[in-house]
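For reference, the structure discussed in these notes is given below.
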Protein chains: 2
Amino acid sequence: MTGSNEGPVEPGPSAFSSMSRSPFTVTTLGTGAALPARGRFPSAQLVNIHEKLLLIDCGEGTQERLRSLGVNFQRIAQVFISHLHGDHYLGLMGLISSMHLLGRQSELHVYGPQDLKAIIDLQLRASGTWLRYPLHFHATEPVSGAVVYDDEHVSVSLLALRHRIPCTGFVVREKPGLRRLRHECLDRIPKFKRTAVKQGEDLVFPDGTLIPNAELTLDPLPTRSYAYCSDTAYEPALLPFIEGVDLLYHEATFTTALAARAKETQHSTAAQAAQLALEAGVGRLLLGHFSSRYKSAELLLREAIPIFPNTELSVEGGVFKVVGKE
Amino acid sequence: MTGSNEGPVEPGPSAFSSMSRSPFTVTTLGTGAALPARGRFPSAQLVNIHEKLLLIDCGEGTQERLRSLGVNFQRIAQVFISHLHGDHYLGLMGLISSMHLLGRQSELHVYGPQDLKAIIDLQLRASGTWLRYPLHFHATEPVSGAVVYDDEHVSVSLLALRHRIPCTGFVVREKPGLRRLRHECLDRIPKFKRTAVKQGEDLVFPDGTLIPNAELTLDPLPTRSYAYCSDTAYEPALLPFIEGVDLLYHEATFTTALAARAKETQHSTAAQAAQLALEAGVGRLLLGHFSSRYKSAELLLREAIPIFPNTELSVEGGVFKVVGKE
């Protein structure tokens, strides 16, 4: 059930080229909570799935972090904003503006709470900006399981988090790939038939001979999945929607000593994040959104590990692979 | 007429303690134009006048820059925003939020275009934030000479800049200090009379002897002044309002080769900034708002110096003294 714990991978091509599968990585661009401090930036994550880049949350300065990591942010076509606390979206206007100034023409899709549209529109109007590219806004409601994005390789659905204002998490799921040709059968399959066989067809020769697909192929690789729970109290209602995901990012703002404060502010302790990961049977847990009161996040890790051993801390600019079950 | 060219001063107490007068410095927190790049941040300046801190413009990430320079931003009580292009104000919401989270209770006054109030209010409402401190908004209109802030030591007035959207510059003027006691007269002035003499009174002894104030004192030190012209085309209508200021910050987005582009976008070339400084007879010219197309701003400096020799480039985090005429 658990994926291997590989720790953060240095950003750059090497993180991708070493993978035999299409990439599925999460780059944590900010690990801090509402108050940026101690070298921690506010929340933002870049998900690379099959070389498609999704941005999840966009705290102040996210464009700067992307730039410093060498990411061409014009490749981002989907931005998902969990909620309208500033540490999760105040970098969006700057990013939208820089995309414009750099000559973007391709569509940008922004998914977030309805009020975000008014915030964007008001600021574009006040600055007299007419974007050169189409900006499509998609209002989200906190309804777990609602699919907001879907393409050939990936779907993104929502999680109804429990926070002081409406707040949605996101589940990024890889779609099943094609069946895999058995290595020992390669000689028997004409090249022009390979795509059809990968798609599940039997192989029929001109003389009528038939080789059933099952003899030629293996099942597709198990799909991989990633769940992002930005700001939330411990919320067992999420369990059916995050069950068995390969990587769960869950906020861990406080230690157990501050459980009352966590409850009051509708945040989680590291132990609560670990408890949810355990109950959901996820592969790996990634903690983040650390309160600025903690000089080091190691204390949070130490409280999570006894409950869910396969836990890691997000780090600024760290790249985490979403490792599948095979 | 020209102040001495002392170059950037390292931030920190040493920059102040070496001064015989109350401090009057400008820290340039960002030197870039609309597109942040090449290690340049968007516009923001911290003015220290008599240990009072004024923030002028507040591009994305300004709170981070203040933090990295060790500035306690809770000491800032006045923020002046020139206009609503994102590179001049997108850091304001994050700063307002951090001030709140850090327990601020003292008033914050924000001066800027009317739409800025709606932008702040909408984002506070969307985030469900009730600030713990009073936030007073003062709408500005681009009318040169209009005084928007005035206290015992300083006044701040507006400049009607010429840009694509309403845009105001700011002139920060020190108020005249007290008359200075002549060193050789100190023995003749009873201690309890010194304040009165500094305020201009003659000295009258119980026996009726009178010493005229002019024999006891020197004129106050000349007042110092700083003008900030954020985004503007060359605008000679500013001259009466910036004449003789000790330090003029003027944008210099382009070189002369791109004068047409400057005109189109209502920005200035470095030569135009220098020309205005020359015509206004300012002490020193500080250039900034460099287009990201210039790897180094030296080219801009080289075009300004032949027109106005006492010109400098702003640098990230550099502290520039406003040097008076004495």
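Letters A, B, ... mark the chains of the structure tokens in the order given; residue numbers begin at 1 per chain; ligand numbers begin at 1, in order shown.
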
Ser292 of chain A: which residues within 12 Å, counting only C-alpha atoms, same-chain residues fewer than 2 positions away excluded, as JSON, numbers by chain? {"A": [31, 32, 33, 34, 35, 36, 37, 38, 39, 40, 41, 42, 252, 253, 254, 288, 289, 290, 294, 295, 296, 297], "B": [98, 101, 102]}

Do me a favour and pick out the residues of chain A within 10 Å of chain B, using only C-alpha atoms, as number ranges by chain. A: 34-39, 41, 59-64, 67-68, 83-87, 90-95, 97-102, 113-116, 118-120, 122-129, 164-166

Can you list, as a ChimeraX atom specification, all residues belonging to segment 68-255 of chain A that DSSP tags as strand (DSSP E)? /A:76-80,108-112,135-139,147-150,154-160,168-174,180-181,203-204,210-211,217-218,225-229,247-251

Residues from last step as file, C-alpha atoms, as a compact mmCIF listing (two decimals), in the first residue's frame:
```txt
# COMPACT_ATOMS: atom_id res chain seq x y z
CA ILE A 76 0.77 26.46 -16.80
CA ALA A 77 -2.75 26.42 -18.21
CA GLN A 78 -4.68 25.51 -15.06
CA VAL A 79 -4.52 27.24 -11.70
CA PHE A 80 -6.50 25.89 -8.76
CA LEU A 108 -5.49 30.28 -18.76
CA HIS A 109 -8.09 28.53 -16.64
CA VAL A 110 -8.51 29.55 -13.03
CA TYR A 111 -10.56 27.44 -10.63
CA GLY A 112 -11.53 28.96 -7.30
CA LEU A 135 -8.69 33.99 -18.94
CA HIS A 136 -11.47 31.56 -18.11
CA PHE A 137 -12.75 31.49 -14.57
CA HIS A 138 -14.44 28.41 -13.13
CA ALA A 139 -16.19 28.91 -9.80
CA VAL A 147 -14.79 16.92 -11.10
CA VAL A 148 -13.60 20.34 -12.23
CA TYR A 149 -10.99 19.39 -14.79
CA ASP A 150 -10.66 16.40 -17.04
CA VAL A 154 -5.72 13.54 -15.76
CA SER A 155 -8.80 14.51 -13.80
CA VAL A 156 -9.00 16.97 -10.94
CA SER A 157 -11.79 16.76 -8.40
CA LEU A 158 -12.63 18.72 -5.28
CA LEU A 159 -12.52 18.05 -1.56
CA ALA A 160 -14.78 19.89 0.86
CA THR A 168 -11.62 23.15 -1.33
CA GLY A 169 -8.86 20.63 -1.62
CA PHE A 170 -7.99 18.95 -4.89
CA VAL A 171 -7.43 15.36 -5.97
CA VAL A 172 -5.31 14.93 -9.07
CA ARG A 173 -5.80 11.50 -10.62
CA GLU A 174 -3.93 10.01 -13.51
CA ARG A 180 1.59 -2.90 -21.95
CA LEU A 181 3.01 -5.27 -24.58
CA LEU A 203 -4.33 -9.97 -32.81
CA VAL A 204 -5.87 -11.57 -35.91
CA LEU A 210 -6.10 -15.23 -33.40
CA ILE A 211 -3.97 -14.47 -30.38
CA THR A 217 -0.27 -7.71 -22.94
CA LEU A 218 -0.08 -6.85 -19.30
CA SER A 225 -3.11 9.97 -7.48
CA TYR A 226 -2.35 13.00 -5.38
CA ALA A 227 -4.58 14.78 -2.86
CA TYR A 228 -4.02 18.31 -1.62
CA CYS A 229 -5.63 19.42 1.66
CA LEU A 247 0.52 10.93 -1.98
CA LEU A 248 -1.50 13.04 0.44
CA TYR A 249 -0.44 16.58 1.18
CA HIS A 250 -2.10 17.67 4.40
CA GLU A 251 -1.59 20.84 6.36
```

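Residues in contact with segment 312-318 of chain A at 6 Å, where only C-alpha atoms are counted and same-chain residues fewer than 3 positions away are skipped, are listed as Pro8, Thr27, Thr28, Leu29, Gly30, Leu286, Leu287 and Gly288 of chain A.
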
Write out the residues from the selection above, keeping N, CA and C atoms, as a PDB file, in the first residue's frame.
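Result saved to selection_7.pdb:
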```
ATOM      1  N   PRO A   8      12.754  14.466  -0.943  1.00  0.00           N
ATOM      2  CA  PRO A   8      12.709  15.477  -1.985  1.00  0.00           C
ATOM      3  C   PRO A   8      13.754  15.202  -3.061  1.00  0.00           C
ATOM      4  N   THR A  27       5.940  19.889  -6.739  1.00  0.00           N
ATOM      5  CA  THR A  27       6.976  20.795  -6.246  1.00  0.00           C
ATOM      6  C   THR A  27       6.323  21.726  -5.223  1.00  0.00           C
ATOM      7  N   THR A  28       6.827  21.675  -4.006  1.00  0.00           N
ATOM      8  CA  THR A  28       6.254  22.534  -2.956  1.00  0.00           C
ATOM      9  C   THR A  28       6.981  23.877  -3.003  1.00  0.00           C
ATOM     10  N   LEU A  29       6.239  24.898  -3.442  1.00  0.00           N
ATOM     11  CA  LEU A  29       6.839  26.222  -3.632  1.00  0.00           C
ATOM     12  C   LEU A  29       6.790  27.059  -2.367  1.00  0.00           C
ATOM     13  N   GLY A  30       5.983  26.630  -1.393  1.00  0.00           N
ATOM     14  CA  GLY A  30       5.890  27.375  -0.142  1.00  0.00           C
ATOM     15  C   GLY A  30       5.399  26.444   0.950  1.00  0.00           C
ATOM     16  N   LEU A 286       2.623  14.015   3.096  1.00  0.00           N
ATOM     17  CA  LEU A 286       3.512  15.172   2.997  1.00  0.00           C
ATOM     18  C   LEU A 286       2.894  16.283   3.836  1.00  0.00           C
ATOM     19  N   LEU A 287       3.657  16.751   4.831  1.00  0.00           N
ATOM     20  CA  LEU A 287       3.142  17.798   5.718  1.00  0.00           C
ATOM     21  C   LEU A 287       3.602  19.173   5.238  1.00  0.00           C
ATOM     22  N   GLY A 288       2.784  20.184   5.529  1.00  0.00           N
ATOM     23  CA  GLY A 288       3.155  21.555   5.175  1.00  0.00           C
ATOM     24  C   GLY A 288       2.313  22.555   5.946  1.00  0.00           C
TER      25      GLY A 288
END
```

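Coordinates place atom CA of Val319 of chain A at a distance of 23.0 Å from atom CA of Glu303 of chain A.
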
Could you pull the residues within 10 Å of segment 273-284 of chain B, counting only C-alpha atoms, minus those fewer than 4 positions along the same chain, as a PyMOL selection string? chain B and resi 1-5+225-227+229+232-236+238-253+267-269+301+303-312+322-325

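Across the model, the gap from atom CA of Thr256 of chain A to atom CA of Leu300 of chain A is 8.7 Å.
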
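Candidate residues B:Leu186, B:Val197, B:Asn48, B:Pro142 were compared for distance to Pro212 of chain B, and the nearest is B:Val197, using only C-alpha atoms.
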
I'd like the contact shell of Asp57 of chain B - 6 Å cut-off, only C-alpha atoms, skipping same-chain residues fewer than 2 positions apart - returned as a PyMOL selection string. chain B and resi 44+80-81+88-89

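Between Leu221 of chain B and the candidates B:Gly177, B:Leu55, B:Asp187, B:Asp202, the tightest atom-to-atom separation, counting only C-alpha atoms, involves B:Gly177.
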
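Computed from the coordinates, the atom CA of Gln272 of chain B to atom CA of Leu258 of chain B distance equals 11.8 Å.
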
Ranking B:Gln45, B:Ala237, B:Lys175, B:Gly70 by minimum distance to Ser22 of chain B and counting only C-alpha atoms, which one comes first? B:Lys175

Could you please write out, as JSON, numbers by chain, every residue of segment 36-258 of chain B that DSSP assigns to alpha helix (DSSP H)? {"B": [62, 63, 64, 65, 66, 67, 68, 92, 93, 94, 95, 96, 97, 98, 99, 100, 101, 114, 115, 116, 117, 118, 119, 120, 121, 122, 123, 124, 125, 126, 194, 195, 196, 197, 198, 213, 214, 215, 216, 239, 240, 241, 242]}

Please write the residues from the selection above to a file, keeping N, CA and C atoms, as a compact mmCIF listing (two decimals), in the first residue's frame.
```
# COMPACT_ATOMS: atom_id res chain seq x y z
N THR B 62 6.92 42.95 -1.08
CA THR B 62 7.55 44.01 -0.30
C THR B 62 7.75 43.60 1.15
N GLN B 63 6.76 42.92 1.73
CA GLN B 63 6.92 42.51 3.14
C GLN B 63 8.13 41.60 3.31
N GLU B 64 8.39 40.79 2.32
CA GLU B 64 9.54 39.90 2.37
C GLU B 64 10.84 40.69 2.32
N ARG B 65 10.87 41.71 1.48
CA ARG B 65 12.07 42.56 1.37
C ARG B 65 12.29 43.31 2.68
N LEU B 66 11.23 43.82 3.27
CA LEU B 66 11.37 44.54 4.55
C LEU B 66 11.92 43.59 5.61
N ARG B 67 11.38 42.38 5.62
CA ARG B 67 11.83 41.39 6.60
C ARG B 67 13.30 41.08 6.40
N SER B 68 13.69 40.91 5.15
CA SER B 68 15.08 40.52 4.90
C SER B 68 16.05 41.66 5.24
N LEU B 92 0.51 45.00 -1.08
CA LEU B 92 -0.14 45.69 0.04
C LEU B 92 -1.04 44.77 0.87
N MET B 93 -1.83 43.93 0.21
CA MET B 93 -2.75 43.06 0.98
C MET B 93 -1.97 42.12 1.89
N GLY B 94 -0.88 41.59 1.40
CA GLY B 94 -0.08 40.69 2.22
C GLY B 94 0.51 41.42 3.42
N LEU B 95 0.93 42.64 3.20
CA LEU B 95 1.49 43.43 4.30
C LEU B 95 0.41 43.75 5.34
N ILE B 96 -0.77 44.16 4.85
CA ILE B 96 -1.89 44.45 5.75
C ILE B 96 -2.22 43.21 6.58
N SER B 97 -2.22 42.06 5.92
CA SER B 97 -2.55 40.81 6.59
C SER B 97 -1.48 40.44 7.63
N SER B 98 -0.22 40.57 7.26
CA SER B 98 0.84 40.22 8.21
C SER B 98 0.84 41.16 9.41
N MET B 99 0.57 42.43 9.18
CA MET B 99 0.48 43.37 10.31
C MET B 99 -0.60 42.91 11.28
N HIS B 100 -1.71 42.45 10.72
CA HIS B 100 -2.84 41.94 11.52
C HIS B 100 -2.43 40.69 12.30
N LEU B 101 -1.82 39.75 11.61
CA LEU B 101 -1.46 38.49 12.25
C LEU B 101 -0.40 38.69 13.33
N GLN B 114 -8.84 55.92 -5.43
CA GLN B 114 -10.10 55.48 -4.81
C GLN B 114 -10.35 53.98 -4.98
N ASP B 115 -10.07 53.44 -6.17
CA ASP B 115 -10.34 52.01 -6.41
C ASP B 115 -9.59 51.10 -5.44
N LEU B 116 -8.51 51.59 -4.90
CA LEU B 116 -7.73 50.75 -3.99
C LEU B 116 -8.54 50.38 -2.75
N LYS B 117 -9.40 51.27 -2.34
CA LYS B 117 -10.24 50.97 -1.16
C LYS B 117 -11.14 49.77 -1.45
N ALA B 118 -11.76 49.79 -2.64
CA ALA B 118 -12.63 48.67 -3.01
C ALA B 118 -11.83 47.37 -3.09
N ILE B 119 -10.62 47.45 -3.61
CA ILE B 119 -9.77 46.26 -3.75
C ILE B 119 -9.42 45.70 -2.37
N ILE B 120 -9.10 46.57 -1.44
CA ILE B 120 -8.78 46.12 -0.08
C ILE B 120 -10.02 45.55 0.60
N ASP B 121 -11.11 46.29 0.52
CA ASP B 121 -12.34 45.86 1.21
C ASP B 121 -12.83 44.51 0.70
N LEU B 122 -12.81 44.35 -0.62
CA LEU B 122 -13.29 43.10 -1.21
C LEU B 122 -12.45 41.92 -0.73
N GLN B 123 -11.14 42.12 -0.66
CA GLN B 123 -10.27 41.01 -0.27
C GLN B 123 -10.35 40.73 1.23
N LEU B 124 -10.55 41.76 2.03
CA LEU B 124 -10.74 41.52 3.46
C LEU B 124 -12.05 40.74 3.67
N ARG B 125 -13.08 41.13 2.94
CA ARG B 125 -14.37 40.46 3.09
C ARG B 125 -14.27 39.01 2.63
N ALA B 126 -13.64 38.79 1.48
CA ALA B 126 -13.54 37.43 0.93
C ALA B 126 -12.76 36.51 1.86
N ARG B 194 16.63 77.88 27.09
CA ARG B 194 17.18 77.48 25.79
C ARG B 194 16.10 77.14 24.75
N THR B 195 15.07 76.46 25.19
CA THR B 195 14.01 76.11 24.23
C THR B 195 13.37 77.37 23.67
N ALA B 196 13.11 78.33 24.56
CA ALA B 196 12.49 79.59 24.10
C ALA B 196 13.39 80.30 23.10
N VAL B 197 14.70 80.29 23.37
CA VAL B 197 15.63 80.96 22.46
C VAL B 197 15.68 80.23 21.12
N LYS B 198 15.68 78.91 21.19
CA LYS B 198 15.66 78.14 19.94
C LYS B 198 14.40 78.45 19.14
N ASN B 213 17.79 87.77 19.75
CA ASN B 213 17.91 86.37 19.34
C ASN B 213 18.98 86.19 18.27
N ALA B 214 19.07 87.12 17.36
CA ALA B 214 20.02 86.97 16.25
C ALA B 214 21.46 86.85 16.72
N GLU B 215 21.75 87.41 17.90
CA GLU B 215 23.12 87.28 18.42
C GLU B 215 23.38 85.91 19.03
N LEU B 216 22.32 85.24 19.38
CA LEU B 216 22.45 83.97 20.11
C LEU B 216 22.31 82.74 19.22
N LEU B 239 7.65 70.67 -12.83
CA LEU B 239 8.80 71.49 -12.41
C LEU B 239 8.56 72.38 -11.19
N PRO B 240 7.45 73.16 -11.16
CA PRO B 240 7.29 74.04 -9.99
C PRO B 240 7.19 73.26 -8.68
N PHE B 241 6.83 72.01 -8.77
CA PHE B 241 6.56 71.24 -7.55
C PHE B 241 7.77 70.43 -7.08
N ILE B 242 8.75 70.26 -7.97
CA ILE B 242 9.93 69.49 -7.57
C ILE B 242 11.19 70.36 -7.61
```
